[in-house]
Structure formats: structure tokens, C-alpha cells
$ cat run.pdb   # PDB, C-alpha atoms
ATOM      1  CA  MET A  61      34.922 -26.530  97.909  1.00  0.00           C
ATOM      2  CA  SER A  62      35.133 -22.885  96.885  1.00  0.00           C
ATOM      3  CA  PRO A  63      32.980 -21.434  94.101  1.00  0.00           C
ATOM      4  CA  LEU A  64      34.613 -21.118  90.706  1.00  0.00           C
ATOM      5  CA  THR A  65      34.983 -17.690  89.184  1.00  0.00           C
ATOM      6  CA  PRO A  66      35.935 -16.884  85.602  1.00  0.00           C
ATOM      7  CA  SER A  67      39.432 -15.557  85.013  1.00  0.00           C
ATOM      8  CA  TRP A  68      38.136 -13.941  81.814  1.00  0.00           C
ATOM      9  CA  ARG A  69      34.721 -13.386  80.285  1.00  0.00           C
ATOM     10  CA  ALA A  70      33.388 -11.506  77.306  1.00  0.00           C
ATOM     11  CA  PRO A  71      31.982  -8.029  77.954  1.00  0.00           C
ATOM     12  CA  ARG A  72      28.298  -7.890  78.931  1.00  0.00           C
ATOM     13  CA  ARG A  73      27.395  -6.288  75.610  1.00  0.00           C
ATOM     14  CA  THR A  74      28.891  -9.300  73.778  1.00  0.00           C
ATOM     15  CA  TRP A  75      27.067 -11.769  76.042  1.00  0.00           C
ATOM     16  CA  GLN A  76      23.723 -10.163  75.298  1.00  0.00           C
ATOM     17  CA  ALA A  77      24.126 -10.266  71.523  1.00  0.00           C
ATOM     18  CA  PRO A  78      23.477 -13.412  69.492  1.00  0.00           C
ATOM     19  CA  ALA A  79      26.604 -15.268  68.422  1.00  0.00           C
ATOM     20  CA  HIS A  80      27.342 -14.586  64.747  1.00  0.00           C
ATOM     21  CA  SER A  81      30.475 -16.736  64.596  1.00  0.00           C
ATOM     22  CA  ARG A  82      32.377 -19.121  66.861  1.00  0.00           C
ATOM     23  CA  ALA A  83      33.948 -17.147  69.701  1.00  0.00           C
ATOM     24  CA  ARG A  84      35.303 -17.616  73.225  1.00  0.00           C
ATOM     25  CA  TYR A  85      33.002 -16.225  75.934  1.00  0.00           C
ATOM     26  CA  ALA A  86      34.560 -17.284  79.254  1.00  0.00           C
ATOM     27  CA  GLU A  87      37.475 -19.117  80.856  1.00  0.00           C
ATOM     28  CA  ILE A  88      37.387 -20.741  84.297  1.00  0.00           C
ATOM     29  CA  PRO A  89      40.601 -22.105  85.839  1.00  0.00           C
ATOM     30  CA  THR A  90      40.195 -25.258  87.953  1.00  0.00           C
ATOM     31  CA  PRO A  91      42.601 -27.797  89.471  1.00  0.00           C
ATOM     32  CA  LEU A  92      41.849 -30.031  86.447  1.00  0.00           C
ATOM     33  CA  GLY A  93      42.720 -27.319  83.927  1.00  0.00           C
ATOM     34  CA  THR A  94      40.992 -24.370  82.299  1.00  0.00           C
ATOM     35  CA  TYR A  95      37.412 -24.685  81.114  1.00  0.00           C
ATOM     36  CA  THR A  96      36.571 -22.524  78.110  1.00  0.00           C
ATOM     37  CA  LEU A  97      33.076 -21.673  76.873  1.00  0.00           C
ATOM     38  CA  PHE A  98      32.566 -21.156  73.143  1.00  0.00           C
ATOM     39  CA  ARG A  99      29.345 -19.934  71.519  1.00  0.00           C
ATOM     40  CA  GLU A 100      28.479 -20.119  67.827  1.00  0.00           C
ATOM     41  CA  PRO A 101      25.347 -19.956  65.665  1.00  0.00           C
ATOM     42  CA  GLY A 102      23.191 -23.050  65.780  1.00  0.00           C
ATOM     43  CA  ARG A 103      23.299 -25.615  63.007  1.00  0.00           C
ATOM     44  CA  ARG A 104      19.593 -25.349  62.217  1.00  0.00           C
ATOM     45  CA  ARG A 105      18.959 -22.614  59.687  1.00  0.00           C
ATOM     46  CA  THR A 106      15.176 -22.444  59.920  1.00  0.00           C
ATOM     47  CA  ALA A 107      13.500 -19.058  60.227  1.00  0.00           C
ATOM     48  CA  THR A 108      12.335 -19.920  63.755  1.00  0.00           C
ATOM     49  CA  ALA A 109      15.821 -20.959  64.893  1.00  0.00           C
ATOM     50  CA  LYS A 110      17.274 -17.719  63.531  1.00  0.00           C
ATOM     51  CA  ALA A 111      14.513 -15.593  65.086  1.00  0.00           C
ATOM     52  CA  GLU A 112      15.069 -17.247  68.474  1.00  0.00           C
ATOM     53  CA  ALA A 113      18.859 -16.877  68.097  1.00  0.00           C
ATOM     54  CA  ARG A 114      19.441 -20.600  68.647  1.00  0.00           C
ATOM     55  CA  GLU A 115      23.110 -21.300  69.352  1.00  0.00           C
ATOM     56  CA  ARG A 116      25.561 -24.116  69.954  1.00  0.00           C
ATOM     57  CA  TRP A 117      27.503 -23.823  73.209  1.00  0.00           C
ATOM     58  CA  GLN A 118      30.653 -25.865  73.771  1.00  0.00           C
ATOM     59  CA  PHE A 119      32.544 -26.297  77.047  1.00  0.00           C
ATOM     60  CA  ARG A 120      36.133 -27.446  76.642  1.00  0.00           C
ATOM     61  CA  LEU A 121      38.708 -28.573  79.159  1.00  0.00           C
ATOM     62  CA  GLY A 122      42.010 -27.954  77.424  1.00  0.00           C
ATOM     63  CA  GLU A 123      41.578 -29.551  73.994  1.00  0.00           C
ATOM     64  CA  ASP A 124      38.784 -31.936  75.052  1.00  0.00           C
ATOM     65  CA  THR A 125      35.101 -31.123  74.618  1.00  0.00           C
ATOM     66  CA  VAL A 126      33.324 -32.010  77.865  1.00  0.00           C
ATOM     67  CA  LEU A 127      29.851 -30.663  77.086  1.00  0.00           C
ATOM     68  CA  GLU A 128      27.970 -29.440  74.016  1.00  0.00           C
ATOM     69  CA  ILE A 129      24.557 -27.830  74.074  1.00  0.00           C
ATOM     70  CA  HIS A 130      22.729 -27.636  70.768  1.00  0.00           C
ATOM     71  CA  ASP A 131      19.844 -25.224  70.250  1.00  0.00           C
ATOM     72  CA  ALA A 132      20.646 -23.153  73.325  1.00  0.00           C
ATOM     73  CA  ALA A 133      18.887 -19.804  73.352  1.00  0.00           C
ATOM     74  CA  ALA A 134      20.921 -16.634  73.603  1.00  0.00           C
ATOM     75  CA  PRO A 135      21.162 -15.509  77.270  1.00  0.00           C
ATOM     76  CA  TRP A 136      18.671 -12.670  76.832  1.00  0.00           C
ATOM     77  CA  TYR A 137      16.047 -14.746  75.004  1.00  0.00           C
ATOM     78  CA  GLY A 138      14.733 -16.812  77.913  1.00  0.00           C
ATOM     79  CA  GLY A 139      14.480 -13.839  80.257  1.00  0.00           C
ATOM     80  CA  ARG A 140      12.637 -11.568  77.882  1.00  0.00           C
ATOM     81  CA  PRO A 141       9.393 -10.174  79.362  1.00  0.00           C
ATOM     82  CA  VAL A 142       6.214 -11.235  77.642  1.00  0.00           C
ATOM     83  CA  ARG A 143       3.658  -8.575  76.750  1.00  0.00           C
ATOM     84  CA  THR A 144       0.002  -9.333  77.214  1.00  0.00           C
ATOM     85  CA  ARG A 145      -2.957  -7.286  76.150  1.00  0.00           C
TER      86      ARG A 145
END

$ encode --input "run.pdb" --output "C-alpha cells"
Amino acid sequence: MSPLTPSWRAPRRTWQAPAHSRARYAEIPTPLGTYTLFREPGRRRTATAKAEARERWQFRLGEDTVLEIHDAAAPWYGGRPVRTR
């Protein structure tokens, strides 16, 4: 099986910013159809969730949702270096 590569993805600058509204971020064609990744702000509106840029990610195959991730962190959040004194 060959690795899948996106036919389209959002620019790097867009990927690194928190999602402020529902938007398409990538499309991956497969023999089953095209998978599309959508990102949008998370449903929790707590101060912590906003500060951590919690998001809802949705993977769709055509019109069907195949996977939803609630409270996903923005891509840059998990890899942020931690400062220690």
C-alpha cells in the first residue's frame, strides 16, 4: 500500500493559527473517495479551553463524518517548548 498524500492543504500559516471558524484544512484522495479535514473552535467556552485553543476536528469521507475529535489542541500547542527557571 502506498502512503497517502494530500491533494490540497491549507497554507502552513493557517495551520499554525487557531481555528476561528469552521474551515477546510486538507483533502486526501483515496480509492474510497476524498477525505476532508475540517477544523473549528471547540464547543467548550471556558477560559482554559480558549487559552489552549481547543478545537473540534472532523474527518469526512464525501458527505459522511468518519471521525470527530473534540477538544483537540491546535497543532502548535502540543509542541510548544516549556520554559523552566

$ resolve_selection --input "run.pdb" --expression "the PyMOL selection byres ((chain A and resi 99) around 7)" --output "list of chain:residue names"
A:Ala79, A:Arg82, A:Ala83, A:Arg84, A:Tyr85, A:Leu97, A:Phe98, A:Glu100, A:Glu115, A:Arg116, A:Trp117, A:Gln118

$ resolve_selection --input "run.pdb" --expression "the PyMOL selection byres ((chain A and resi 70) around 8)" --output "PyMOL selection string"
chain A and resi 68-69+71-72+74-75+84-86

$ resolve_selection --input "run.pdb" --expression "the PyMOL selection byres ((chain A and resi 121) around 12)" --output "ChimeraX atom specification"
/A:87-98,118-120,122-128

$ axis_aligned_box --input "run.pdb" --around "region 117-132 of chain A" --padding-each-side "6 Å" --output "lines of an AutoDock Vina configuration file"
center_x = 30.9
center_y = -27.6
center_z = 74.7
size_x = 34.2
size_y = 20.9
size_z = 20.9

$ atom_distance --input "run.pdb" --atom1 "CA of Ala111 (chain A)" --atom2 "CA of Ser81 (chain A)"
16.0 Å

$ atom_distance --input "run.pdb" --atom1 "CA of Ala77 (chain A)" --atom2 "CA of Thr108 (chain A)"
17.1 Å
